[in-house]
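Below is the file entry24.tsv, which contains TSV, C-alpha atoms and all ligand atoms.
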chain	number	residue	atom	x	y	z
A	1	MET	CA	55.93	0.98	15.62
A	2	LYS	CA	53.82	2.81	13.00
A	3	ILE	CA	51.84	1.21	10.18
A	4	GLU	CA	51.30	3.38	7.09
A	5	ARG	CA	47.91	3.01	5.40
A	6	ARG	CA	46.29	4.56	2.33
A	7	PRO	CA	45.34	8.26	2.59
A	8	SER	CA	41.93	8.75	4.22
A	9	THR	CA	39.88	11.18	6.31
A	10	ALA	CA	41.50	9.92	9.52
A	11	LEU	CA	41.18	13.21	11.40
A	12	LEU	CA	39.35	12.72	14.69
A	13	PRO	CA	37.16	13.79	16.27
A	14	THR	CA	35.14	16.01	13.97
A	15	PRO	CA	32.02	17.81	15.20
A	16	VAL	CA	28.57	16.54	14.26
A	17	VAL	CA	26.24	19.42	13.41
A	18	LEU	CA	22.88	19.98	11.78
A	19	VAL	CA	23.08	22.46	8.93
A	20	SER	CA	19.72	24.07	8.25
A	21	VAL	CA	18.87	25.64	4.93
A	22	ALA	CA	15.96	27.71	3.62
A	23	GLY	CA	13.72	25.98	1.11
A	24	GLU	CA	13.38	27.76	-2.21
A	25	SER	CA	9.59	27.84	-2.19
A	26	ALA	CA	9.09	24.68	-0.15
A	27	GLN	CA	9.78	23.85	3.50
A	28	PRO	CA	13.24	24.43	5.00
A	29	ASN	CA	15.61	21.48	5.18
A	30	MET	CA	18.53	20.26	7.27
A	31	LEU	CA	21.33	17.76	6.85
A	32	THR	CA	23.89	16.24	9.18
A	33	ILE	CA	27.47	17.31	8.57
A	34	ALA	CA	30.68	15.96	10.06
A	35	TRP	CA	33.11	17.60	7.63
A	36	THR	CA	33.07	21.04	9.29
A	37	GLY	CA	35.42	23.27	11.23
A	38	ILE	CA	36.39	26.81	12.19
A	39	VAL	CA	38.77	28.31	9.62
A	40	CYS	CA	39.22	31.96	10.71
A	41	SER	CA	38.82	33.97	13.93
A	42	ALA	CA	38.39	37.49	12.54
A	43	PRO	CA	36.09	37.61	10.73
A	44	PRO	CA	34.75	34.45	12.38
A	45	MET	CA	34.44	31.84	9.62
A	46	LEU	CA	33.77	28.15	9.30
A	47	SER	CA	33.63	25.61	6.52
A	48	VAL	CA	31.22	22.84	5.66
A	49	ALA	CA	31.87	20.24	2.96
A	50	VAL	CA	28.76	19.15	1.06
A	51	ARG	CA	28.41	16.63	-1.75
A	52	PRO	CA	26.74	18.13	-4.83
A	53	SER	CA	24.28	15.20	-4.84
A	54	ARG	CA	22.66	16.41	-1.58
A	55	HIS	CA	19.26	18.11	-1.75
A	56	SER	CA	20.69	20.72	0.66
A	57	TYR	CA	23.54	21.48	-1.75
A	58	ARG	CA	21.05	22.84	-4.24
A	59	LEU	CA	19.42	24.97	-1.54
A	60	ILE	CA	22.75	26.35	-0.24
A	61	THR	CA	23.95	27.23	-3.72
A	62	ALA	CA	20.63	29.03	-4.33
A	63	THR	CA	20.37	30.95	-1.04
A	64	ARG	CA	24.12	31.32	-0.25
A	65	ASP	CA	23.46	31.00	3.49
A	66	PHE	CA	22.85	28.37	6.17
A	67	VAL	CA	22.77	27.89	9.93
A	68	VAL	CA	25.12	25.52	11.76
A	69	ASN	CA	23.19	24.12	14.71
A	70	ILE	CA	25.00	22.21	17.47
A	71	PRO	CA	22.72	19.37	18.52
A	72	PRO	CA	22.73	18.07	22.10
A	73	ALA	CA	23.89	14.47	22.48
A	74	GLU	CA	20.37	13.39	23.57
A	75	LEU	CA	19.15	14.06	20.02
A	76	VAL	CA	21.65	11.69	18.42
A	77	GLU	CA	19.00	9.47	16.84
A	78	ALA	CA	17.28	12.39	15.12
A	79	VAL	CA	20.71	13.69	14.06
A	80	ASP	CA	21.50	10.34	12.46
A	81	ARG	CA	18.15	10.28	10.69
A	82	ALA	CA	18.72	13.80	9.34
A	83	GLY	CA	21.90	12.33	7.85
A	84	VAL	CA	20.25	9.42	6.07
A	85	TRP	CA	16.93	10.90	4.99
A	86	SER	CA	16.82	13.39	2.13
A	87	GLY	CA	14.78	16.54	2.16
A	88	ALA	CA	13.74	15.57	-1.36
A	89	GLU	CA	11.50	12.89	0.23
A	90	HIS	CA	11.06	14.02	3.84
A	91	ASP	CA	9.98	17.13	5.71
A	92	LYS	CA	12.75	16.59	8.26
A	93	PHE	CA	11.66	19.44	10.56
A	94	ALA	CA	8.15	17.98	10.93
A	95	GLU	CA	9.08	14.28	10.88
A	96	LEU	CA	11.98	14.61	13.33
A	97	GLY	CA	10.15	16.96	15.71
A	98	PHE	CA	12.39	19.99	15.15
A	99	THR	CA	11.16	23.58	15.29
A	100	ALA	CA	12.26	26.16	12.72
A	101	ARG	CA	12.78	29.67	14.17
A	102	PRO	CA	13.56	32.72	12.03
A	103	ALA	CA	17.22	33.71	12.04
A	104	SER	CA	18.16	37.37	12.45
A	105	LYS	CA	20.55	37.80	9.49
A	106	VAL	CA	20.05	34.88	7.10
A	107	LYS	CA	17.21	33.18	5.24
A	108	ALA	CA	17.91	29.73	6.72
A	109	PRO	CA	16.06	28.97	9.97
A	110	LEU	CA	17.55	28.19	13.40
A	111	ILE	CA	16.75	24.79	14.87
A	112	GLU	CA	15.19	25.65	18.23
A	113	GLU	CA	16.10	22.30	19.87
A	114	CYS	CA	19.83	22.90	19.27
A	115	PRO	CA	21.31	25.06	22.07
A	116	ILE	CA	23.85	26.88	19.87
A	117	ASN	CA	23.11	28.24	16.38
A	118	LEU	CA	25.61	29.96	14.09
A	119	GLU	CA	24.14	32.00	11.25
A	120	CYS	CA	26.47	31.78	8.23
A	121	VAL	CA	26.77	33.60	4.89
A	122	VAL	CA	28.72	31.82	2.15
A	123	ARG	CA	31.81	33.79	1.07
A	124	HIS	CA	33.67	31.15	-1.00
A	125	GLN	CA	32.87	27.85	-2.67
A	126	LEU	CA	35.61	25.43	-3.67
A	127	GLU	CA	35.17	22.28	-5.76
A	128	LEU	CA	37.43	19.75	-4.05
A	129	GLY	CA	36.34	16.40	-5.50
A	130	ALA	CA	33.62	14.40	-3.77
A	131	HIS	CA	32.63	17.51	-1.81
A	132	ASP	CA	32.34	21.22	-2.42
A	133	LEU	CA	33.70	23.29	0.44
A	134	PHE	CA	31.56	26.23	1.52
A	135	ILE	CA	33.58	28.77	3.46
A	136	ALA	CA	31.17	31.01	5.31
A	137	GLU	CA	31.25	33.99	7.62
A	138	ILE	CA	29.49	33.59	10.95
A	139	VAL	CA	27.26	36.66	11.09
A	140	ALA	CA	25.27	35.94	14.28
A	141	VAL	CA	25.38	33.38	17.10
A	142	HIS	CA	22.51	32.33	19.38
A	143	TYR	CA	22.82	30.48	22.70
A	144	ASP	CA	20.17	28.95	24.91
A	145	LYS	CA	20.02	31.29	27.89
A	146	GLU	CA	20.99	28.60	30.42
A	147	LEU	CA	24.34	28.09	28.65
A	148	LEU	CA	25.46	31.61	29.59
A	149	ASP	CA	26.66	32.77	33.01
A	150	ALA	CA	25.64	36.07	34.67
A	151	ARG	CA	28.31	37.94	32.64
A	152	GLY	CA	27.11	36.44	29.36
A	153	ARG	CA	30.06	34.04	28.97
A	154	LEU	CA	29.53	30.51	27.67
A	155	ARG	CA	29.49	27.93	30.47
A	156	THR	CA	31.34	25.34	28.38
A	157	GLY	CA	30.69	22.61	30.95
A	158	ALA	CA	26.98	23.00	30.29
A	159	VAL	CA	27.32	22.28	26.55
A	160	SER	CA	26.30	18.88	25.31
A	161	ALA	CA	27.71	18.11	21.86
A	162	LEU	CA	28.57	15.18	19.62
A	163	GLY	CA	31.86	14.12	18.09
A	164	TYR	CA	32.30	11.78	15.11
A	165	VAL	CA	35.06	9.18	15.34
A	166	GLY	CA	35.44	6.46	12.73
A	167	GLY	CA	31.72	6.36	11.94
A	168	ASP	CA	30.60	6.39	15.59
A	169	TYR	CA	29.01	9.16	17.66
A	170	TYR	CA	30.59	10.17	20.96
A	171	THR	CA	29.71	12.67	23.67
A	172	LEU	CA	32.24	15.11	25.09
A	173	GLY	CA	34.44	13.60	27.80
A	174	GLU	CA	36.19	15.06	30.85
A	175	ARG	CA	37.68	18.56	30.84
A	176	VAL	CA	41.43	17.91	30.99
A	177	GLY	CA	42.90	21.40	30.59
A	178	ALA	CA	42.24	24.92	29.34
A	179	TYR	CA	43.82	27.24	26.75
A	180	GLY	CA	47.32	28.19	27.93
A	181	TYR	CA	47.08	26.33	31.23
A	182	SER	CA	50.43	24.63	30.60
A	183	GLN	CA	52.16	28.04	30.64
A	184	LYS	CA	50.40	29.08	33.82
A	185	ALA	CA	51.47	25.85	35.44
A	186	LEU	CA	55.10	26.66	34.51
A	187	ARG	CA	54.84	30.25	35.80
A	188	ASP	CA	53.16	29.13	38.99
A	189	LYS	CA	55.75	26.43	39.67
A	190	PRO	CA	57.56	27.18	42.93
A	191	GLU	CA	61.25	28.13	42.43
A	192	THR	CA	62.39	25.47	44.86
A	193	GLU	CA	61.40	22.83	42.28
A	194	GLY	CA	64.31	23.87	40.09
A	201	LIG	C1	27.24	11.50	10.86
A	201	LIG	C2	27.00	11.99	9.46
A	201	LIG	C3	27.85	12.92	8.91
A	201	LIG	C4	27.66	13.39	7.61
A	201	LIG	N1	28.50	14.32	7.09
A	201	LIG	C5	28.30	14.79	5.84
A	201	LIG	C6	29.16	15.79	5.31
A	201	LIG	O1	30.07	16.28	5.97
A	201	LIG	N2	28.90	16.22	4.04
A	201	LIG	C7	27.87	15.71	3.28
A	201	LIG	O2	27.70	16.13	2.12
A	201	LIG	N3	27.05	14.76	3.77
A	201	LIG	C8	27.23	14.30	5.03
A	201	LIG	N4	26.39	13.35	5.54
A	201	LIG	C9	25.32	12.82	4.71
A	201	LIG	C10	24.09	13.73	4.62
A	201	LIG	O3	23.73	14.25	5.87
A	201	LIG	C11	22.94	12.91	4.04
A	201	LIG	O4	23.26	12.49	2.73
A	201	LIG	C12	21.60	13.61	4.06
A	201	LIG	O5	20.60	12.64	3.84
A	201	LIG	C13	21.49	14.69	3.01
A	201	LIG	O6	20.26	15.31	3.17
A	201	LIG	P1	19.58	16.19	2.03
A	201	LIG	O7	19.47	15.32	0.80
A	201	LIG	O8	18.24	16.54	2.62
A	201	LIG	O9	20.45	17.36	1.83
A	201	LIG	C14	26.56	12.89	6.84
A	201	LIG	C15	25.70	11.95	7.40
A	201	LIG	C16	25.90	11.51	8.71
A	201	LIG	C17	24.94	10.51	9.29
Would you write the structure of this file as structure tokens?
Amino acid sequence: MKIERRPSTALLPTPVVLVSVAGESAQPNMLTIAWTGIVCSAPPMLSVAVRPSRHSYRLITATRDFVVNIPPAELVEAVDRAGVWSGAEHDKFAELGFTARPASKVKAPLIEECPINLECVVRHQLELGAHDLFIAEIVAVHYDKELLDARGRLRTGAVSALGYVGGDYYTLGERVGAYGYSQKALRDKPETEG
């Protein structure tokens, strides 16, 4: 039996990321974002939804770039704080113990303590209602060295990340499959099984 409820943002899980932004003349800032996702493969693009009331909104609209940093689950408390403190009152890099590193293609800094950093340049901005959607091209990606195998491929099992589900933070669970594995299982099925 299904129960229909009012429309809401009931998509789960969504990633929890730290979006870092260059300060205009002041220090760089960051904010926690759960309304984010990949929207195109080629060129690689993602979206982040930001309320116009955020301090970071002003910085993104001024600089037109940002970095999406994937925080490890161990940093969940700092991630939560970055999502309740405003850069208008706090130097979040200094107060949360994060290190700003220069990016290669954008003005916004990478957050050193996050093992994956995606440099993004805003290509579109859509006013949706509560949030503006920034659709951005990913122009460079950085990985902590230990996340990559000898051939430079991402060891996905080594990645620690956070998911957001109904207001709670979760870590990644068990690996239960891989892209296309259902087809391989069919192909590999012995003929005797019908
Ligand atoms: C888990 C979590 C997810 C959040 N997701 C978003 C989001 O997707 N968009 C948004 O505008 N604010 C989001 N926020 C709120 C901002 O991170 C928060 O208002 C922050 O203090 C803004 O910082 P700023 O004023 O320095 O930009 C989220 C907060 C948390 C804790």
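Among all protein and nucleic acid residues, the ones that lie within 7 Å of ligand LIG 201 (chain A) when counting only C-alpha atoms and all ligand atoms are Val16, Asn29, Met30, Leu31, Thr32, Ile33, Ala34, Trp35, Thr36, Val48, Ala49, Val50, Arg51, Arg54, His55, Ser56, Tyr57, Asp80, Arg81, Ala82, Gly83, Val84, Trp85, Ser86, Gly87, Ala88, His131, Tyr164 and Gly167 of chain A.
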**Q.** Selection: 8 Å around Ser160 in chain A, all atoms listed in the file, excl. self and same-chain fewer than 5 positions, as a ChimeraX atom specification
**A.** /A:71-73,171-172
note - CA of His90 in chain A and CA of Thr14 in chain A are separated by 26.2 Å
Spatial sel., origin (16.8, 21.4, 20.8), limit 12 Å, all atoms listed in the file, listed as a PDB file with C-alpha atoms, keeping the file's coordinate frame:
ATOM      1  CA  LEU A  18      22.880  19.980  11.780  1.00  0.00           C
ATOM      2  CA  ASN A  69      23.190  24.120  14.710  1.00  0.00           C
ATOM      3  CA  ILE A  70      25.000  22.210  17.470  1.00  0.00           C
ATOM      4  CA  PRO A  71      22.720  19.370  18.520  1.00  0.00           C
ATOM      5  CA  PRO A  72      22.730  18.070  22.100  1.00  0.00           C
ATOM      6  CA  ALA A  73      23.890  14.470  22.480  1.00  0.00           C
ATOM      7  CA  GLU A  74      20.370  13.390  23.570  1.00  0.00           C
ATOM      8  CA  LEU A  75      19.150  14.060  20.020  1.00  0.00           C
ATOM      9  CA  VAL A  76      21.650  11.690  18.420  1.00  0.00           C
ATOM     10  CA  ALA A  78      17.280  12.390  15.120  1.00  0.00           C
ATOM     11  CA  VAL A  79      20.710  13.690  14.060  1.00  0.00           C
ATOM     12  CA  PHE A  93      11.660  19.440  10.560  1.00  0.00           C
ATOM     13  CA  LEU A  96      11.980  14.610  13.330  1.00  0.00           C
ATOM     14  CA  GLY A  97      10.150  16.960  15.710  1.00  0.00           C
ATOM     15  CA  PHE A  98      12.390  19.990  15.150  1.00  0.00           C
ATOM     16  CA  THR A  99      11.160  23.580  15.290  1.00  0.00           C
ATOM     17  CA  ALA A 100      12.260  26.160  12.720  1.00  0.00           C
ATOM     18  CA  ARG A 101      12.780  29.670  14.170  1.00  0.00           C
ATOM     19  CA  LEU A 110      17.550  28.190  13.400  1.00  0.00           C
ATOM     20  CA  ILE A 111      16.750  24.790  14.870  1.00  0.00           C
ATOM     21  CA  GLU A 112      15.190  25.650  18.230  1.00  0.00           C
ATOM     22  CA  GLU A 113      16.100  22.300  19.870  1.00  0.00           C
ATOM     23  CA  CYS A 114      19.830  22.900  19.270  1.00  0.00           C
ATOM     24  CA  PRO A 115      21.310  25.060  22.070  1.00  0.00           C
ATOM     25  CA  ILE A 116      23.850  26.880  19.870  1.00  0.00           C
ATOM     26  CA  ASN A 117      23.110  28.240  16.380  1.00  0.00           C
ATOM     27  CA  TYR A 143      22.820  30.480  22.700  1.00  0.00           C
ATOM     28  CA  ASP A 144      20.170  28.950  24.910  1.00  0.00           C
ATOM     29  CA  SER A 160      26.300  18.880  25.310  1.00  0.00           C
ATOM     30  CA  ALA A 161      27.710  18.110  21.860  1.00  0.00           C
TER      31      ALA A 161
END
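In this structure, CA of Asp132 in chain A sits 23.2 Å away from CA of Leu162 in chain A.
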My structure is short of atoms at range 79-105 of chain A; please model N, CA and C atoms there, returning them as a PDB file, in the frame of the given file.
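Dumped everything to result10.pdb:
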ATOM      1  N   VAL A  79      19.563  13.183  14.828  1.00  0.00           N
ATOM      2  CA  VAL A  79      20.710  13.690  14.060  1.00  0.00           C
ATOM      3  C   VAL A  79      21.116  12.650  13.010  1.00  0.00           C
ATOM      4  N   ASP A  80      21.137  11.402  13.404  1.00  0.00           N
ATOM      5  CA  ASP A  80      21.500  10.340  12.460  1.00  0.00           C
ATOM      6  C   ASP A  80      20.474  10.252  11.333  1.00  0.00           C
ATOM      7  N   ARG A  81      19.203  10.342  11.710  1.00  0.00           N
ATOM      8  CA  ARG A  81      18.150  10.280  10.690  1.00  0.00           C
ATOM      9  C   ARG A  81      18.245  11.446   9.696  1.00  0.00           C
ATOM     10  N   ALA A  82      18.578  12.630  10.227  1.00  0.00           N
ATOM     11  CA  ALA A  82      18.720  13.800   9.340  1.00  0.00           C
ATOM     12  C   ALA A  82      19.874  13.594   8.360  1.00  0.00           C
ATOM     13  N   GLY A  83      20.747  12.631   8.688  1.00  0.00           N
ATOM     14  CA  GLY A  83      21.900  12.330   7.850  1.00  0.00           C
ATOM     15  C   GLY A  83      21.704  11.128   6.934  1.00  0.00           C
ATOM     16  N   VAL A  84      20.531  10.519   7.011  1.00  0.00           N
ATOM     17  CA  VAL A  84      20.250   9.420   6.070  1.00  0.00           C
ATOM     18  C   VAL A  84      18.984   9.671   5.256  1.00  0.00           C
ATOM     19  N   TRP A  85      18.118  10.516   5.763  1.00  0.00           N
ATOM     20  CA  TRP A  85      16.930  10.900   4.990  1.00  0.00           C
ATOM     21  C   TRP A  85      17.274  12.107   4.128  1.00  0.00           C
ATOM     22  N   SER A  86      16.646  12.191   2.957  1.00  0.00           N
ATOM     23  CA  SER A  86      16.820  13.390   2.130  1.00  0.00           C
ATOM     24  C   SER A  86      15.594  14.276   2.198  1.00  0.00           C
ATOM     25  N   GLY A  87      15.863  15.564   2.200  1.00  0.00           N
ATOM     26  CA  GLY A  87      14.780  16.540   2.160  1.00  0.00           C
ATOM     27  C   GLY A  87      13.978  16.465   0.873  1.00  0.00           C
ATOM     28  N   ALA A  88      14.502  15.748  -0.120  1.00  0.00           N
ATOM     29  CA  ALA A  88      13.740  15.570  -1.360  1.00  0.00           C
ATOM     30  C   ALA A  88      12.525  14.677  -1.098  1.00  0.00           C
ATOM     31  N   GLU A  89      12.622  13.803  -0.074  1.00  0.00           N
ATOM     32  CA  GLU A  89      11.500  12.890   0.230  1.00  0.00           C
ATOM     33  C   GLU A  89      10.867  13.141   1.586  1.00  0.00           C
ATOM     34  N   HIS A  90      11.559  13.856   2.467  1.00  0.00           N
ATOM     35  CA  HIS A  90      11.060  14.020   3.840  1.00  0.00           C
ATOM     36  C   HIS A  90      11.010  15.490   4.224  1.00  0.00           C
ATOM     37  N   ASP A  91       9.987  15.846   5.018  1.00  0.00           N
ATOM     38  CA  ASP A  91       9.980  17.130   5.710  1.00  0.00           C
ATOM     39  C   ASP A  91      10.676  16.848   7.046  1.00  0.00           C
ATOM     40  N   LYS A  92      11.997  17.029   7.082  1.00  0.00           N
ATOM     41  CA  LYS A  92      12.750  16.590   8.260  1.00  0.00           C
ATOM     42  C   LYS A  92      12.381  17.380   9.506  1.00  0.00           C
ATOM     43  N   PHE A  93      12.066  18.669   9.373  1.00  0.00           N
ATOM     44  CA  PHE A  93      11.660  19.440  10.560  1.00  0.00           C
ATOM     45  C   PHE A  93      10.431  18.778  11.194  1.00  0.00           C
ATOM     46  N   ALA A  94       9.400  18.538  10.393  1.00  0.00           N
ATOM     47  CA  ALA A  94       8.150  17.980  10.930  1.00  0.00           C
ATOM     48  C   ALA A  94       8.350  16.541  11.397  1.00  0.00           C
ATOM     49  N   GLU A  95       8.997  15.713  10.574  1.00  0.00           N
ATOM     50  CA  GLU A  95       9.080  14.280  10.880  1.00  0.00           C
ATOM     51  C   GLU A  95      10.051  13.982  12.020  1.00  0.00           C
ATOM     52  N   LEU A  96      11.021  14.857  12.249  1.00  0.00           N
ATOM     53  CA  LEU A  96      11.980  14.610  13.330  1.00  0.00           C
ATOM     54  C   LEU A  96      11.669  15.428  14.578  1.00  0.00           C
ATOM     55  N   GLY A  97      10.578  16.197  14.532  1.00  0.00           N
ATOM     56  CA  GLY A  97      10.150  16.960  15.710  1.00  0.00           C
ATOM     57  C   GLY A  97      10.996  18.185  15.989  1.00  0.00           C
ATOM     58  N   PHE A  98      11.592  18.770  14.960  1.00  0.00           N
ATOM     59  CA  PHE A  98      12.390  19.990  15.150  1.00  0.00           C
ATOM     60  C   PHE A  98      11.543  21.222  14.826  1.00  0.00           C
ATOM     61  N   THR A  99      11.895  22.328  15.479  1.00  0.00           N
ATOM     62  CA  THR A  99      11.160  23.580  15.290  1.00  0.00           C
ATOM     63  C   THR A  99      12.038  24.577  14.546  1.00  0.00           C
ATOM     64  N   ALA A 100      11.510  25.145  13.472  1.00  0.00           N
ATOM     65  CA  ALA A 100      12.260  26.160  12.720  1.00  0.00           C
ATOM     66  C   ALA A 100      11.929  27.538  13.286  1.00  0.00           C
ATOM     67  N   ARG A 101      12.956  28.293  13.666  1.00  0.00           N
ATOM     68  CA  ARG A 101      12.780  29.670  14.170  1.00  0.00           C
ATOM     69  C   ARG A 101      13.474  30.625  13.199  1.00  0.00           C
ATOM     70  N   PRO A 102      12.896  31.786  12.944  1.00  0.00           N
ATOM     71  CA  PRO A 102      13.560  32.720  12.030  1.00  0.00           C
ATOM     72  C   PRO A 102      14.918  33.139  12.559  1.00  0.00           C
ATOM     73  N   ALA A 103      15.894  33.199  11.673  1.00  0.00           N
ATOM     74  CA  ALA A 103      17.220  33.710  12.040  1.00  0.00           C
ATOM     75  C   ALA A 103      17.171  35.234  11.969  1.00  0.00           C
ATOM     76  N   SER A 104      18.216  35.900  12.496  1.00  0.00           N
ATOM     77  CA  SER A 104      18.160  37.370  12.450  1.00  0.00           C
ATOM     78  C   SER A 104      18.805  37.929  11.192  1.00  0.00           C
ATOM     79  N   LYS A 105      19.818  37.203  10.617  1.00  0.00           N
ATOM     80  CA  LYS A 105      20.550  37.800   9.490  1.00  0.00           C
ATOM     81  C   LYS A 105      20.518  36.969   8.205  1.00  0.00           C
TER      82      LYS A 105
END
